[in-house]
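A.B. asks: File model.txt follows (compact mmCIF, C-alpha atoms):
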```txt
# COMPACT_ATOMS: atom_id res chain seq x y z
CA MET E 1 46.98 -37.30 6.63
CA SER E 2 45.26 -36.14 3.44
CA LYS E 3 45.24 -32.43 2.60
CA TRP E 4 42.03 -32.49 0.57
CA PRO E 5 39.60 -31.78 3.45
CA TRP E 6 41.58 -28.65 4.32
CA LEU E 7 41.62 -27.53 0.69
CA ALA E 8 37.86 -28.09 0.46
CA PHE E 9 37.44 -26.06 3.65
CA ILE E 10 39.42 -23.21 2.07
CA ASP E 11 37.22 -23.40 -1.03
CA ILE E 12 34.10 -23.18 1.14
CA LEU E 13 35.56 -20.17 2.96
CA LEU E 14 36.11 -18.54 -0.44
CA ILE E 15 32.47 -19.20 -1.35
CA ILE E 16 31.42 -17.59 1.93
CA LEU E 17 33.70 -14.63 1.14
CA PHE E 18 31.95 -14.34 -2.24
CA ALA E 19 28.59 -14.15 -0.44
CA LEU E 20 29.91 -11.63 2.09
CA LEU E 21 31.31 -9.37 -0.63
CA GLY E 22 28.08 -9.54 -2.61
CA ARG E 23 25.94 -8.73 0.38
CA ARG E 24 28.21 -5.85 1.34
CA GLU E 25 28.21 -4.47 -2.21
CA HIS E 26 24.42 -4.54 -2.37
CA GLU E 27 23.90 -3.36 1.22
CA HIS E 28 22.00 -6.48 2.31
CA GLY E 29 23.57 -6.57 5.74
CA LEU E 30 26.43 -8.62 7.04
CA ALA E 31 24.70 -10.82 9.61
CA ILE E 32 26.30 -14.26 9.68
CA SER E 33 22.92 -15.91 9.05
CA GLY E 34 22.33 -13.78 5.94
CA ILE E 35 25.80 -14.48 4.58
CA LEU E 36 25.37 -18.21 5.12
CA ILE E 37 21.93 -18.24 3.49
CA THR E 38 23.40 -16.44 0.47
CA ALA E 39 26.36 -18.85 0.33
CA LEU E 40 24.35 -22.05 1.00
CA PRO E 41 23.21 -22.76 -2.59
CA PHE E 42 26.79 -22.45 -3.82
CA ILE E 43 28.16 -24.56 -0.98
CA ILE E 44 25.63 -27.25 -1.95
CA GLY E 45 26.67 -26.97 -5.61
CA TYR E 46 30.33 -27.11 -4.59
CA ALA E 47 29.76 -30.18 -2.39
CA ILE E 48 28.04 -32.06 -5.21
CA ALA E 49 30.61 -31.09 -7.85
CA THR E 50 33.53 -31.84 -5.53
CA GLY E 51 32.09 -35.17 -4.37
CA LEU E 52 31.77 -36.30 -7.97
CA SER E 53 35.38 -35.30 -8.71
CA ARG E 54 37.06 -37.77 -6.33
CA PRO E 55 38.63 -34.98 -4.23
CA TRP E 56 41.06 -37.27 -2.44
CA ILE E 57 42.83 -37.59 -5.81
CA SER E 58 42.17 -34.39 -7.69
CA ILE E 59 41.03 -31.44 -5.55
CA ASN E 60 44.07 -29.35 -6.52
CA LYS E 61 44.03 -30.05 -10.25
CA LEU E 62 43.16 -27.00 -12.31
CA TRP E 63 42.26 -28.99 -15.43
CA PRO E 64 39.80 -30.61 -15.74
CA THR E 65 38.78 -30.98 -12.10
CA GLY E 66 39.03 -27.34 -11.07
CA ILE E 67 37.10 -26.19 -14.12
CA LEU E 68 34.37 -28.78 -13.51
CA ILE E 69 34.12 -27.91 -9.81
CA TRP E 70 33.90 -24.20 -10.64
CA LEU E 71 31.23 -24.71 -13.31
CA GLY E 72 29.33 -27.18 -11.11
CA THR E 73 29.43 -24.80 -8.17
CA VAL E 74 28.00 -21.95 -10.23
CA VAL E 75 25.42 -23.88 -12.26
CA LEU E 76 24.17 -26.02 -9.39
CA GLY E 77 24.40 -23.07 -6.99
CA VAL E 78 22.24 -20.87 -9.20
CA ALA E 79 19.76 -23.73 -9.65
CA VAL E 80 19.53 -24.31 -5.88
CA ARG E 81 19.23 -20.57 -5.34
CA LEU E 82 16.24 -20.46 -7.71
CA LEU E 83 14.69 -23.52 -6.02
CA MET E 84 15.00 -21.67 -2.70
CA GLY E 85 12.87 -18.86 -4.15
CA HIS E 86 15.66 -16.33 -4.65
CA THR E 87 16.37 -14.43 -7.83
CA ALA E 88 19.26 -14.88 -10.25
CA ALA E 89 19.45 -11.98 -12.69
CA ILE E 90 21.82 -12.47 -15.61
CA SER E 91 24.17 -9.84 -14.16
CA PHE E 92 24.29 -11.83 -10.90
CA VAL E 93 25.08 -15.05 -12.80
CA ILE E 94 27.88 -13.34 -14.76
CA VAL E 95 29.43 -11.87 -11.62
CA THR E 96 29.10 -15.27 -9.92
CA PHE E 97 30.93 -16.99 -12.79
CA VAL E 98 33.75 -14.43 -12.73
CA VAL E 99 34.26 -14.12 -8.97
CA LEU E 100 34.06 -17.85 -8.27
CA ALA E 101 36.46 -18.48 -11.17
CA ILE E 102 38.96 -16.10 -9.58
CA PHE E 103 38.47 -17.66 -6.15
CA LEU E 104 38.22 -21.39 -6.94
CA LEU E 105 40.59 -21.54 -9.91
CA GLY E 106 42.93 -18.98 -8.36
CA ARG E 107 43.23 -21.07 -5.19
CA ARG E 108 44.22 -24.07 -7.31
CA ALA E 109 46.77 -22.04 -9.27
CA VAL E 110 48.35 -20.74 -6.06
CA SER E 111 48.37 -24.24 -4.53
CA THR E 112 50.06 -25.61 -7.66
CA LEU E 113 52.74 -22.91 -7.56
CA ILE E 114 53.41 -23.53 -3.88
CA ALA E 115 53.69 -27.29 -4.48
CA LYS E 116 56.10 -26.78 -7.39
CA ARG E 117 58.29 -24.42 -5.39
CA SER E 118 58.31 -26.83 -2.48
CA GLN E 119 59.42 -29.66 -4.78
CA GLN E 120 62.13 -27.47 -6.34
CA GLN E 121 63.50 -26.55 -2.92
CA LYS E 122 63.64 -30.22 -1.91
CA ALA E 123 65.56 -31.12 -5.08
```
What does the file become when written as structure tokens?
C.D. replies:
Amino acid sequence: MSKWPWLAFIDILLIILFALLGRREHEHGLAISGILITALPFIIGYAIATGLSRPWISINKLWPTGILIWLGTVVLGVAVRLLMGHTAAISFVIVTFVVLAIFLLGRRAVSTLIAKRSQQQKA
């Protein structure tokens, strides 16, 4: 069985965590519906970027796939957010780039380390 759907699910949970942390920081309330509405544009951006990346082959690759998925998630997510009538101040966009880089690229770095250690232990 392929691991990529589970890894995509983890990425989506990280995007939801990003929305939860942002809403908590700005005291917008932590209702599930509010968190999901905040996360939705970025989940859409992630889904598009990931779908284009052939995730069954490359979802764990940091370069170039991880970078492209991260950038696609942020750029498309901000665009969808604006289309939904929400704001996107430059400070929000910068924080979005940084936090989603830590989450999405960090998850790939950790996955790569775990895979390497697993291979070393088998050898």
A.B. asks: Of the residues E:Gln121, E:Thr73, E:Thr112, E:Ser91, which is the one nearest to Ile43 (chain E), using all atoms listed in the file?
C.D. replies: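 Of the candidates, the smallest distance to Ile43 (chain E) is held by E:Thr73.
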A.B. asks: For Ala101 (chain E), list every protein, DNA or RNA residue within 9 Å, evaluated using all atoms listed in the file, and leave out those in the same chain fewer than 5 positions away; present the list as a PDB file with C-alpha atoms, keeping the file's coordinate frame.
C.D. replies:
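Once everything was written out, this is selection-v9.pdb:
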```pdb
ATOM      1  CA  ILE E  67      37.100 -26.190 -14.120  1.00  0.00           C
ATOM      2  CA  TRP E  70      33.900 -24.200 -10.640  1.00  0.00           C
ATOM      3  CA  LEU E  71      31.230 -24.710 -13.310  1.00  0.00           C
ATOM      4  CA  THR E  96      29.100 -15.270  -9.920  1.00  0.00           C
ATOM      5  CA  GLY E 106      42.930 -18.980  -8.360  1.00  0.00           C
TER       6      GLY E 106
END
```
A.B. asks: How would you write as a list in words the residues that get within 12 Å of (23.2, -15.6, 3.5) in the file's frame, counting only C-alpha atoms?
C.D. replies: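 Output of the proximity query reads Ile15, Ile16, Leu17, Phe18, Ala19, Leu20, Leu21, Gly22, Arg23, Arg24, His28, Gly29, Leu30, Ala31, Ile32, Ser33, Gly34, Ile35, Leu36, Ile37, Thr38, Ala39, Leu40, Pro41, Phe42, Ile43, Arg81, Met84 and His86 of chain E.
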A.B. asks: Give me, please, the distance in Å between CA of Leu14 (chain E) and CA of Ile102 (chain E), quoted to one decimal.
C.D. replies: 9.9 Å
A.B. asks: Choose the residue, out of E:Ile12, E:Val98, E:Ile44, E:Leu68, that has the smallest atom-to-atom separation from Val80 (chain E); count all atoms listed in the file.
C.D. replies: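 Of all the options, E:Ile44 lies closest to Val80 (chain E).
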A.B. asks: Identify, on the basis of only C-alpha atoms, every residue whose closest approach to Arg108 (chain E) does not exceed 7 Å; exclude the query and any residue fewer than 4 positions from it along the same chain; express the result as a list in words.
C.D. replies: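 Counting only the stated atoms, we get Asn60, Lys61, Leu62, Leu104 and Thr112 of chain E.
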A.B. asks: Work out how far apart CA of Leu113 (chain E) and CA of Tyr46 (chain E) are and give it in Å to one decimal.
C.D. replies: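 Spanning CA of Leu113 (chain E) to CA of Tyr46 (chain E) is a straight-line distance of 23.0 Å.
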A.B. asks: Rounded to one decimal in Å, what is the spacing between CA of Ser111 (chain E) and CA of Leu7 (chain E)?
C.D. replies: 9.1 Å
A.B. asks: I need the residue nearest Val93 (chain E) from this list: E:Gly66, E:Pro55, E:Gly72, E:Gly77. Use only C-alpha atoms for the distance.
C.D. replies: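 Under the stated criterion, the closest residue is E:Gly77.
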A.B. asks: For each of E:Ser53, E:Arg107, E:Lys122, E:Pro64, take the minimum atom-to-atom distance to Ile10 (chain E), counting only C-alpha atoms, then give the residue where this is smallest.
C.D. replies: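 Closest candidate: E:Arg107.
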A.B. asks: Which one is closest to Phe92 (chain E): E:Gly45, E:Ala115, E:His26, E:Thr50? Count all atoms listed in the file.
C.D. replies: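 Among the listed residues, the smallest separation from Phe92 (chain E) belongs to E:His26.
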